[in-house]
Each structure stands twice: as C-alpha cells, then as structure tokens.
Amino acid sequence: MEYKKMLEGLYASLPERSKKHERFEMPEVDSFVHGTKTIVKNFSAILKVINRDKKHLFKFLAKETATSTAIDDSGRLVLSGRFSREQVNRLIKSYITQFILCPECKRPDTKVTEKQGVRMLKCDACGALSSVRGL
C-alpha cells in the first residue's frame, strides 16, 4: 500500500503536459479530382500541423507523384493527374515518417538542421540527431 501512495503522489506532482497521452494527429487530406487535376483543399492546414516549409513538402509531392504541382490563389495544392484521397494521404504520411517524426522517440518535435553540409533531423523531445535523405 505504501508503494501505491508514493506512486500516486509522484503522478500528482507531474506537470499536466506530461500526463496527457496525446499523439501527433495529421488531418485527413480533403481532396477532390477536377478533370485531370487533383486539388487538396486543406493543404495550408496540413502545413500548419506539420510545421515545415511548404516548398519542401511541395517538392516532395512533385517528386513522389512525378507530376507538376502548384498552389492556387486560395492556398490549395493542385496536382496534375488523378489521385485518390487515399493515395494523397499515403504520400503525406510518408513525408511525415521521413521528415517529421523522430526515428528514436516517434515524436513530432523535430526540426531540420544542416551540419557540415548534411541535413539532419534534430529532435527537441529526446535530443536525437539523425540524417535525412535530401530533396
């Protein structure tokens, strides 16, 4: 019983942020096909969640789809070609795995830095440093 009381006391002293069991949740892609183009309506919302430069994600999607991409006046992503919502979701999730989530602790608290000409993913949560393939 003494152990349980000590454990409860320790848990009560933890900051609120560490008690939460939040995980990184990517918003689902809201896209539609218009003729021969696929339009991602919530591209700006996705960028806000992942906290990365739009040019980097833009270039990644262009390379992975092997098509031209553009951002229209309202901030929507326009992909040349017909892609299902599931395909675009898979591409975004692949980007997140490669360039957002820490390979050690799987937290999204990372930033891309450059060290001696090599792009590195630096985790603010656990301190891990890992190389990322360039774009």
# chains A, B, ... in the order shown; residues from 1 in each chain; ligands from 1
>>> select_by_dssp(residues="chain A", states="helix (DSSP H, G or I)", output="count of residues only")
51
>>> select_by_dssp(residues="region 13-128 of chain A", states="strand (DSSP E or B)", output="ChimeraX atom specification")
/A:31-34,37-40,69-71,77-80,110-115,118-123
>>> closest_residue(among="A:Ala128, A:Ile71, A:Met26, A:Leu77", to="Val49 (chain A)", atoms="only C-alpha atoms")
A:Met26
>>> atom_distance(atom1="CA of Val29 (chain A)", atom2="CA of Asn89 (chain A)")
5.8 Å
>>> atom_distance(atom1="CA of Phe58 (chain A)", atom2="CA of Gly81 (chain A)")
15.1 Å
>>> closest_residue(among="A:Lys37, A:Lys54, A:Lys115, A:Lys5", to="Ser80 (chain A)", atoms="only C-alpha atoms")
A:Lys37
>>> closest_residue(among="A:Thr113, A:Thr67, A:Thr97, A:Ser31", to="Leu79 (chain A)", atoms="only C-alpha atoms")
A:Thr67
